[in-house]
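K.L.:
Structure file model34.txt (compact mmCIF, C-alpha atoms) is given on the next line.
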```txt
# COMPACT_ATOMS: atom_id res chain seq x y z
CA MET A 233 14.41 -17.24 -43.32
CA LYS A 234 13.25 -14.76 -40.70
CA LYS A 235 14.90 -15.07 -37.30
CA ALA A 236 12.47 -16.03 -34.57
CA THR A 237 11.80 -13.44 -31.88
CA PHE A 238 11.03 -14.55 -28.33
CA VAL A 239 9.72 -12.07 -25.75
CA LEU A 240 10.57 -13.35 -22.29
CA ALA A 241 8.26 -11.77 -19.69
CA PRO A 242 8.23 -13.82 -16.46
CA ASP A 243 7.70 -12.85 -12.84
CA SER A 244 10.26 -13.77 -10.21
CA PHE A 245 10.26 -17.26 -8.71
CA LYS A 246 10.22 -16.39 -5.02
CA GLU A 247 13.31 -17.49 -3.08
CA SER A 248 14.77 -18.98 -6.27
CA MET A 249 15.22 -16.45 -9.10
CA THR A 250 14.55 -12.80 -9.79
CA ALA A 251 12.54 -12.10 -12.91
CA LYS A 252 15.73 -11.04 -14.65
CA GLU A 253 17.39 -14.33 -13.73
CA VAL A 254 14.38 -16.23 -15.06
CA CYS A 255 14.75 -14.38 -18.38
CA THR A 256 18.42 -15.36 -18.55
CA ALA A 257 17.69 -19.03 -17.85
CA MET A 258 14.87 -19.07 -20.42
CA GLU A 259 17.16 -17.63 -23.09
CA LYS A 260 19.97 -20.10 -22.31
CA GLY A 261 17.63 -23.02 -22.89
CA LEU A 262 15.96 -21.66 -26.00
CA ARG A 263 19.22 -20.49 -27.57
CA LYS A 264 20.47 -24.08 -27.62
CA VAL A 265 17.71 -24.77 -30.14
CA PHE A 266 17.41 -21.33 -31.78
CA PRO A 267 20.97 -19.96 -31.72
CA GLU A 268 20.19 -17.14 -34.18
CA ALA A 269 16.93 -16.01 -32.57
CA ASN A 270 16.25 -12.59 -31.08
CA PHE A 271 15.50 -12.58 -27.36
CA VAL A 272 13.77 -9.63 -25.71
CA HIS A 273 13.93 -9.64 -21.90
CA VAL A 274 11.05 -7.95 -20.08
CA PRO A 275 11.30 -8.84 -16.35
CA MET A 276 7.79 -8.55 -14.90
CA ALA A 277 5.93 -8.33 -11.59
CA ASP A 278 2.32 -7.88 -10.49
CA GLY A 279 2.77 -4.82 -8.28
CA GLY A 280 3.81 -6.73 -5.17
CA GLU A 281 7.20 -7.86 -3.97
CA GLY A 282 9.81 -7.60 -6.70
CA THR A 283 8.08 -4.86 -8.68
CA THR A 284 10.83 -2.32 -8.12
CA GLN A 285 13.57 -4.74 -9.17
CA SER A 286 11.64 -5.91 -12.23
CA LEU A 287 10.94 -2.42 -13.54
CA ILE A 288 14.52 -1.37 -12.88
CA ASP A 289 15.80 -4.42 -14.74
CA ALA A 290 13.31 -4.00 -17.59
CA THR A 291 14.33 -0.37 -18.20
CA ASN A 292 18.04 -0.47 -17.24
CA GLY A 293 17.35 1.77 -14.28
CA ARG A 294 19.07 1.99 -10.92
CA LEU A 295 18.29 1.07 -7.33
CA ASN A 296 18.92 3.51 -4.48
CA ALA A 297 19.35 2.54 -0.82
CA LEU A 298 18.09 4.87 1.91
CA ASN A 299 17.91 4.68 5.70
CA VAL A 300 14.36 5.49 6.76
CA THR A 301 12.04 5.11 9.73
CA GLY A 302 10.79 1.54 10.04
CA PRO A 303 7.29 0.60 11.18
CA LEU A 304 8.36 0.50 14.84
CA GLY A 305 10.23 3.80 14.68
CA GLU A 306 13.70 2.32 14.33
CA MET A 307 15.95 3.04 11.34
CA VAL A 308 15.88 0.45 8.55
CA GLN A 309 17.56 0.29 5.16
CA ALA A 310 14.95 0.58 2.43
CA SER A 311 15.30 1.18 -1.28
CA TYR A 312 13.57 2.80 -4.22
CA GLY A 313 14.22 2.65 -7.94
CA ILE A 314 14.61 5.17 -10.72
CA MET A 315 13.62 3.76 -14.09
CA GLY A 316 15.94 4.00 -17.05
CA ASN A 317 14.38 7.16 -18.44
CA GLY A 318 15.34 8.94 -15.21
CA ASP A 319 12.00 10.57 -14.45
CA ILE A 320 9.87 7.75 -13.02
CA ALA A 321 10.45 6.30 -9.56
CA VAL A 322 9.33 2.93 -8.22
CA ILE A 323 8.64 2.34 -4.53
CA GLU A 324 7.44 -0.72 -2.63
CA MET A 325 6.00 0.51 0.65
CA ALA A 326 6.97 -2.80 2.23
CA SER A 327 10.62 -1.87 1.77
CA ALA A 328 10.17 0.77 4.48
CA SER A 329 6.98 -0.23 6.32
CA GLY A 330 6.66 -3.95 5.65
CA ILE A 331 5.78 -6.90 7.83
CA GLN A 332 9.36 -8.18 7.55
CA TRP A 333 10.50 -5.41 9.93
CA VAL A 334 8.46 -6.82 12.83
CA ASN A 335 8.27 -10.20 14.49
CA ARG A 336 5.69 -12.14 16.48
CA ASP A 337 6.60 -10.32 19.68
CA SER A 338 7.08 -6.81 18.32
CA LYS A 339 4.24 -6.42 15.80
CA ASN A 340 1.64 -3.98 17.06
CA PRO A 341 -0.67 -2.16 14.62
CA LEU A 342 -1.56 0.40 17.29
CA ILE A 343 1.91 1.93 16.96
CA THR A 344 3.34 0.84 13.60
CA THR A 345 3.71 3.67 11.12
CA THR A 346 4.04 4.34 7.41
CA TYR A 347 6.40 7.25 8.11
CA GLY A 348 9.26 5.55 6.28
CA THR A 349 7.14 5.22 3.14
CA GLY A 350 6.65 8.97 3.23
CA GLU A 351 10.40 9.40 3.54
CA LEU A 352 10.90 7.34 0.38
CA ILE A 353 8.40 9.55 -1.45
CA ARG A 354 10.22 12.64 -0.19
CA ALA A 355 13.54 11.25 -1.45
CA CYS A 356 11.97 10.92 -4.90
CA LEU A 357 10.77 14.52 -4.73
CA ASP A 358 14.32 15.58 -3.89
CA LYS A 359 15.44 14.02 -7.18
CA GLY A 360 12.89 15.98 -9.17
CA ILE A 361 10.68 12.97 -9.91
CA LYS A 362 7.27 13.78 -11.41
CA LYS A 363 5.77 10.27 -11.54
CA ILE A 364 5.92 7.57 -8.86
CA ILE A 365 4.80 3.95 -9.09
CA LEU A 366 3.97 2.84 -5.56
CA GLY A 367 3.25 -0.78 -4.61
CA ILE A 368 1.36 -1.00 -1.33
CA GLY A 369 1.32 -4.68 -0.41
CA GLY A 370 2.92 -6.42 2.58
CA SER A 371 2.49 -3.72 5.22
CA ALA A 372 2.95 -3.99 8.98
CA THR A 373 0.78 -0.93 9.52
CA ASN A 374 -2.79 0.14 10.24
CA ASP A 375 -2.41 3.92 10.42
CA GLY A 376 -4.46 5.00 7.40
CA GLY A 377 -1.34 6.43 5.79
CA ALA A 378 -1.09 9.08 8.52
CA GLY A 379 2.58 8.32 9.05
CA MET A 380 3.27 8.75 5.35
CA ALA A 381 1.51 12.10 5.45
CA GLN A 382 3.46 13.18 8.56
CA ALA A 383 6.74 12.50 6.77
CA LEU A 384 5.56 14.78 3.97
CA GLY A 385 4.70 17.65 6.30
CA VAL A 386 1.11 17.08 7.43
CA ARG A 387 0.43 17.68 11.12
CA PHE A 388 -2.31 15.95 13.08
CA TYR A 389 -3.50 17.58 16.32
CA ASP A 390 -5.67 16.41 19.21
CA GLU A 391 -8.27 18.50 21.05
CA ALA A 392 -5.62 20.04 23.33
CA GLY A 393 -3.51 21.14 20.37
CA ASN A 394 -0.90 18.43 20.83
CA ILE A 395 0.61 16.68 17.82
CA LEU A 396 -0.59 13.10 17.64
CA PRO A 397 1.99 10.34 18.03
CA ARG A 398 2.47 7.96 15.12
CA GLY A 399 0.38 4.84 14.68
CA GLY A 400 -3.26 3.91 14.18
CA GLY A 401 -3.91 3.77 17.90
CA ALA A 402 -3.82 7.56 18.19
CA LEU A 403 -6.17 8.45 15.32
CA GLY A 404 -9.26 8.33 17.52
CA ARG A 405 -8.05 11.54 19.20
CA LEU A 406 -7.63 13.45 15.94
CA GLN A 407 -9.33 16.87 15.91
CA HIS A 408 -7.49 18.93 13.32
CA ILE A 409 -5.44 18.31 10.16
CA ASP A 410 -2.90 20.99 9.28
CA LEU A 411 -1.80 20.92 5.63
CA THR A 412 0.27 24.11 5.70
CA GLY A 413 3.49 22.12 5.92
CA LEU A 414 2.59 19.58 3.23
CA ASP A 415 5.40 19.36 0.68
CA SER A 416 4.28 21.63 -2.15
CA ARG A 417 6.13 19.51 -4.71
CA LEU A 418 3.50 16.78 -4.30
CA ALA A 419 1.04 18.89 -6.26
CA GLN A 420 3.15 18.30 -9.39
CA VAL A 421 3.61 14.55 -8.91
CA ASP A 422 1.42 11.78 -10.31
CA ILE A 423 1.41 8.68 -8.10
CA GLN A 424 0.27 5.42 -9.68
CA VAL A 425 -0.66 3.08 -6.85
CA ALA A 426 -0.39 -0.66 -7.48
CA CYS A 427 -3.34 -1.96 -5.48
CA ASP A 428 -4.99 -5.32 -6.13
CA VAL A 429 -7.37 -5.38 -3.15
CA THR A 430 -10.77 -3.69 -3.18
CA ASN A 431 -11.35 -3.49 0.56
CA PRO A 432 -12.87 -0.28 1.92
CA LEU A 433 -11.23 1.54 4.81
CA CYS A 434 -13.60 0.38 7.57
CA GLY A 435 -16.18 -2.20 8.46
CA GLU A 436 -16.32 -5.98 8.20
CA GLN A 437 -14.28 -5.96 4.99
CA GLY A 438 -12.08 -3.05 6.01
CA ALA A 439 -8.36 -2.73 6.71
CA SER A 440 -8.54 -3.52 10.43
CA ALA A 441 -10.94 -6.47 10.32
CA ILE A 442 -9.44 -8.26 7.33
CA PHE A 443 -5.73 -7.50 7.62
CA GLY A 444 -5.29 -6.38 11.24
CA PRO A 445 -5.03 -9.86 12.82
CA GLN A 446 -2.05 -10.87 10.67
CA LYS A 447 -0.33 -7.70 11.86
CA GLY A 448 -0.84 -8.57 15.52
CA ALA A 449 -4.26 -7.11 16.27
CA THR A 450 -6.42 -8.80 18.91
CA PRO A 451 -10.22 -8.60 18.54
CA ASP A 452 -10.31 -5.61 20.90
CA MET A 453 -7.55 -3.93 18.90
CA VAL A 454 -9.39 -4.58 15.65
CA ALA A 455 -12.47 -2.82 17.02
CA ARG A 456 -10.42 0.13 18.26
CA LEU A 457 -8.43 0.47 15.04
CA ASP A 458 -11.57 0.24 12.91
CA ALA A 459 -13.26 2.97 14.95
CA ASN A 460 -10.12 5.12 14.72
CA LEU A 461 -9.94 4.79 10.94
CA ALA A 462 -13.64 5.65 10.67
CA HIS A 463 -12.98 8.79 12.75
CA PHE A 464 -9.91 9.59 10.61
CA ALA A 465 -12.03 9.34 7.45
CA ALA A 466 -14.74 11.54 8.98
CA VAL A 467 -12.24 14.28 9.83
CA ILE A 468 -10.75 14.06 6.32
CA ARG A 469 -14.23 14.38 4.81
CA HIS A 470 -15.18 17.32 7.05
CA GLN A 471 -11.92 19.28 6.81
CA LEU A 472 -10.51 18.32 3.41
CA GLY A 473 -13.72 17.60 1.52
CA LYS A 474 -12.56 14.15 0.42
CA ASP A 475 -14.63 11.03 1.05
CA VAL A 476 -12.12 8.18 1.16
CA ALA A 477 -13.83 5.68 3.46
CA ASN A 478 -15.66 3.55 0.93
CA VAL A 479 -13.48 3.84 -2.16
CA PRO A 480 -12.38 0.35 -3.31
CA GLY A 481 -8.76 -0.08 -2.25
CA ALA A 482 -8.92 2.50 0.54
CA GLY A 483 -8.26 -0.27 3.07
CA ALA A 484 -5.13 -1.54 1.31
CA ALA A 485 -1.93 -1.60 3.40
CA GLY A 486 -3.70 -0.72 6.62
CA GLY A 487 -5.52 2.19 5.03
CA LEU A 488 -2.53 3.62 3.17
CA GLY A 489 -4.76 3.64 0.10
CA ALA A 490 -7.06 6.11 1.85
CA GLY A 491 -4.16 8.26 3.03
CA LEU A 492 -2.73 8.49 -0.46
CA MET A 493 -6.11 9.56 -1.83
CA ALA A 494 -6.46 12.18 0.89
CA PHE A 495 -3.01 13.77 0.73
CA THR A 496 -1.57 13.15 -2.76
CA HIS A 497 -2.61 13.12 -6.42
CA CYS A 498 -2.88 9.39 -7.00
CA THR A 499 -4.65 6.75 -9.04
CA LEU A 500 -5.25 3.22 -7.74
CA ARG A 501 -4.71 0.59 -10.42
CA LYS A 502 -4.12 -3.15 -10.73
CA GLY A 503 -0.43 -3.82 -10.25
CA ILE A 504 0.03 -5.93 -13.37
CA ASP A 505 -1.56 -3.20 -15.52
CA ILE A 506 0.97 -0.69 -14.22
CA VAL A 507 3.91 -3.00 -14.84
CA VAL A 508 2.70 -3.88 -18.34
CA GLU A 509 2.49 -0.17 -19.17
CA PHE A 510 5.77 1.02 -17.69
CA SER A 511 7.85 -1.97 -18.79
CA GLY A 512 6.89 -1.25 -22.40
CA LEU A 513 5.66 -4.82 -22.86
CA ARG A 514 3.07 -3.98 -25.53
CA ASN A 515 5.60 -2.38 -27.85
CA LYS A 516 8.13 -5.14 -27.25
CA LEU A 517 5.59 -7.76 -28.30
CA VAL A 518 5.08 -6.22 -31.75
CA GLY A 519 6.32 -8.70 -34.35
CA ALA A 520 7.23 -11.39 -31.80
CA ASP A 521 6.81 -15.06 -32.64
CA PHE A 522 6.39 -16.31 -29.09
CA CYS A 523 6.00 -14.91 -25.60
CA PHE A 524 7.27 -16.87 -22.60
CA THR A 525 5.99 -15.98 -19.15
CA GLY A 526 5.81 -17.70 -15.78
CA GLU A 527 5.90 -17.55 -12.00
CA GLY A 528 6.67 -19.90 -9.14
CA ARG A 529 3.17 -21.37 -9.07
CA ILE A 530 0.43 -21.19 -11.67
CA ASP A 531 -3.07 -22.20 -10.61
CA TYR A 532 -6.66 -20.90 -10.51
CA GLN A 533 -5.50 -17.78 -8.60
CA THR A 534 -3.31 -16.70 -11.53
CA LYS A 535 -6.40 -15.32 -13.26
CA PHE A 536 -6.89 -12.74 -10.51
CA GLY A 537 -4.24 -10.27 -11.63
CA LYS A 538 -1.07 -12.35 -11.46
CA THR A 539 1.78 -11.74 -13.89
CA PRO A 540 1.21 -14.62 -16.39
CA TYR A 541 -2.43 -13.59 -16.74
CA GLY A 542 -1.59 -9.96 -17.42
CA VAL A 543 1.19 -10.88 -19.85
CA ALA A 544 -1.05 -13.35 -21.66
CA ARG A 545 -3.87 -10.86 -22.15
CA THR A 546 -1.40 -8.31 -23.50
CA ALA A 547 0.15 -10.83 -25.88
CA LYS A 548 -3.24 -12.15 -26.98
CA ALA A 549 -4.20 -8.64 -28.11
CA GLN A 550 -1.12 -8.72 -30.37
CA GLY A 551 -1.82 -12.24 -31.64
CA VAL A 552 1.37 -13.61 -30.05
CA PRO A 553 1.26 -17.23 -28.74
CA VAL A 554 2.01 -17.51 -25.03
CA ILE A 555 3.88 -20.31 -23.27
CA ALA A 556 3.81 -20.26 -19.47
CA VAL A 557 6.52 -22.01 -17.47
CA SER A 558 6.10 -22.57 -13.75
CA GLY A 559 7.79 -24.21 -10.81
CA CYS A 560 4.48 -25.79 -9.86
CA VAL A 561 1.30 -26.24 -11.89
CA GLY A 562 -1.68 -26.28 -9.53
CA ASP A 563 -5.41 -26.85 -9.86
CA GLY A 564 -7.74 -24.83 -12.06
CA VAL A 565 -5.32 -23.86 -14.83
CA ASP A 566 -7.91 -24.77 -17.48
CA ALA A 567 -9.47 -21.34 -16.92
CA LEU A 568 -6.28 -19.72 -18.25
CA TYR A 569 -6.43 -21.26 -21.70
CA GLY A 570 -9.18 -18.91 -22.78
CA GLU A 571 -7.27 -15.88 -21.54
CA GLY A 572 -4.31 -16.01 -23.89
CA ILE A 573 -2.11 -18.72 -22.35
CA ASP A 574 -1.72 -21.45 -24.96
CA THR A 575 0.18 -24.02 -22.93
CA ILE A 576 1.68 -24.44 -19.45
CA PHE A 577 4.80 -26.39 -18.51
CA GLY A 578 6.28 -27.23 -15.12
CA ILE A 579 10.06 -27.19 -14.66
CA ILE A 580 10.52 -29.61 -11.75
CA PRO A 581 12.30 -32.69 -13.15
CA ARG A 582 12.02 -35.01 -10.14
CA ALA A 583 10.97 -35.27 -6.52
CA ASP A 584 13.45 -33.42 -4.32
CA THR A 585 13.65 -31.22 -1.24
CA ILE A 586 12.24 -27.71 -1.53
CA GLU A 587 15.71 -26.35 -0.74
CA ALA A 588 17.25 -28.24 -3.66
CA LEU A 589 14.47 -27.26 -6.05
CA LEU A 590 14.84 -23.57 -5.17
CA LYS A 591 18.61 -23.76 -5.61
CA ASP A 592 18.32 -25.56 -8.94
CA GLY A 593 15.67 -23.21 -10.32
CA PRO A 594 17.90 -21.69 -13.05
CA ILE A 595 19.13 -25.11 -14.22
CA ASN A 596 15.62 -26.55 -14.27
CA MET A 597 14.27 -23.51 -16.14
CA GLU A 598 17.04 -23.75 -18.73
CA ARG A 599 16.40 -27.47 -19.28
CA ALA A 600 12.63 -27.02 -19.54
CA CYS A 601 12.93 -24.19 -22.06
CA GLU A 602 15.38 -26.17 -24.16
CA ASN A 603 12.86 -29.01 -24.34
CA ILE A 604 10.03 -26.60 -25.16
CA GLY A 605 12.21 -25.12 -27.88
CA ARG A 606 12.86 -28.54 -29.38
CA LEU A 607 9.13 -29.18 -29.48
CA LEU A 608 8.49 -25.86 -31.18
CA LYS A 609 11.18 -26.52 -33.78
CA LYS A 610 9.86 -29.99 -34.52
CA ALA A 611 6.29 -28.70 -34.81
CA ALA A 612 7.40 -25.97 -37.22
CA ALA A 613 9.05 -28.57 -39.45
CA CYS A 614 5.93 -30.70 -39.68
```
So that I can check it, write out the structure of this file as structure tokens.
P.N.:
Amino acid sequence: MKKATFVLAPDSFKESMTAKEVCTAMEKGLRKVFPEANFVHVPMADGGEGTTQSLIDATNGRLNALNVTGPLGEMVQASYGIMGNGDIAVIEMASASGIQWVNRDSKNPLITTTYGTGELIRACLDKGIKKIILGIGGSATNDGGAGMAQALGVRFYDEAGNILPRGGGALGRLQHIDLTGLDSRLAQVDIQVACDVTNPLCGEQGASAIFGPQKGATPDMVARLDANLAHFAAVIRHQLGKDVANVPGAGAAGGLGAGLMAFTHCTLRKGIDIVVEFSGLRNKLVGADFCFTGEGRIDYQTKFGKTPYGVARTAKAQGVPVIAVSGCVGDGVDALYGEGIDTIFGIIPRADTIEALLKDGPINMERACENIGRLLKKAAAC
């Protein structure tokens, strides 16, 4: 009799388990029922927090720590990954320029900078990397990616010929962009940007209006930042011949999407599509009997690019049944059954404190998957 093959492709369960730990717990439970089965671990993410770790784990890569410039100009310890093949890097801009590096009193999108993200890119160039996967969620910045560009050698000058200080508050004074110092190695690097928002750079749906307030912007600051980004885009269009203002995703991460389009060779894509491709999930699903996926909460929002949705669509194309396992099953999951998810299970066994449930995540996942396995075995015998 053919051994069953299970592909385990979950996202992390935030504050409880990494995606790799979820895979381990799933296998422990299922192996109690299918001791001879083959288990293929494919830790997943959707391009946001945890993407670097998931792709490193999925490809047996390595994580590198680096001290870089944080959003407020102080040094912070960030990290980037090199995937197992050695020639693809993974960066989460939030590691260097994220909202976690500011607090309620210190956050100020007039001065926060993406400079540290540029330093992470430069570190990858130093290692000879030719392809970078860059997740751009969770930023503390609103500088249009100018700081990132400055770290890579671009100079921004005002009318008097002075170099602009970092931060979105200074972009309104921009008169000239000098690319002579731009790192020449960038021309040989393909950057795949994980970007799940479609906001333009400016306007009512732009970076400043939609995301600025959560980064500390008052209404007056929103108006100033929006005008500055519009001016930034106009100078880019006039001097570089690139129209980045209204491209979907240009407003992501405080306009970092626009900056990447202006100063690098990049492609903006849905995060889950990038992770599916570079984790090798499609090939690993070939010949599988079941695919298990999951995340901390599955609900109607899962359909909008979350990991279980992306995994399910990939598995459906291969004809592989998909079982989703979640910490919490919310409203609107019926919409997922037509997208490749065949059934959804919750893992919480009883009412308890959130602290206890987070701590017991691995145990609860193992127990739930054992019970799912028993059901599958019984159904197969019928």
K.L.:
Could you list as a ChimeraX atom specification every residue that has an atom within 10 Å of (21.4, -25.7, -21.3), using the file's coordinates and counting only C-alpha atoms?
P.N.:
/A:257-265,594-603
K.L.:
Which residues are close to range 576-579 of chain A, i.e. within 7 Å by only C-alpha atoms, leaving aside same-chain residues fewer than 4 positions away? Reply as a PDB file with C-alpha atoms, in the coordinates of the input.
P.N.:
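Dumped to out.pdb:
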```pdb
ATOM      1  CA  ILE A 555       3.880 -20.310 -23.270  1.00  0.00           C
ATOM      2  CA  ALA A 556       3.810 -20.260 -19.470  1.00  0.00           C
ATOM      3  CA  VAL A 557       6.520 -22.010 -17.470  1.00  0.00           C
ATOM      4  CA  SER A 558       6.100 -22.570 -13.750  1.00  0.00           C
ATOM      5  CA  GLY A 559       7.790 -24.210 -10.810  1.00  0.00           C
ATOM      6  CA  CYS A 560       4.480 -25.790  -9.860  1.00  0.00           C
ATOM      7  CA  VAL A 561       1.300 -26.240 -11.890  1.00  0.00           C
ATOM      8  CA  ASN A 596      15.620 -26.550 -14.270  1.00  0.00           C
ATOM      9  CA  MET A 597      14.270 -23.510 -16.140  1.00  0.00           C
ATOM     10  CA  ALA A 600      12.630 -27.020 -19.540  1.00  0.00           C
TER      11      ALA A 600
END
```
K.L.:
Would you compute the distance between CA of Gln471 in chain A and CA of Ala490 in chain A? Give it in Å to one decimal.
P.N.:
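Separation between CA of Gln471 in chain A and CA of Ala490 in chain A: 14.9 Å.
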K.L.:
Using all atoms listed in the file, what does the table of range 383-447 of chain A residues within 12 Å of range 299-316 of chain A look like, with each row giving the shortest atom pair and its distance in Å to one decimal, sorted by chain and ascending number, as a Markdown table?
P.N.:
```
| residue | atom | partner | partner_atom | distance |
| --- | --- | --- | --- | --- |
| A:Ala383 | CA | A:Thr301 | CA | 9.6 |
| A:Pro397 | CA | A:Gly305 | CA | 11.0 |
| A:Arg398 | CA | A:Gly305 | CA | 8.8 |
| A:Gly399 | CA | A:Pro303 | CA | 8.8 |
| A:Gly400 | CA | A:Pro303 | CA | 11.5 |
| A:Lys447 | CA | A:Pro303 | CA | 11.3 |
```
K.L.:
With distances taken over only C-alpha atoms, which residue among A:Arg456, A:Lys235, A:Arg336, A:Lys362 lies nearest Gly435 in chain A?
P.N.:
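Checking each candidate against Gly435 in chain A, we get A:Arg456 as the closest.
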K.L.:
Measuring atom to atom with all atoms listed in the file, identify which of A:Leu240, A:Leu406, A:Met380, A:Leu411 is nearest to Ala392 in chain A.
P.N.:
A:Leu406
K.L.:
Rounded to one decimal, what separation in Å do you get between CA of Ala484 in chain A and CA of Gly379 in chain A?
P.N.:
14.7 Å
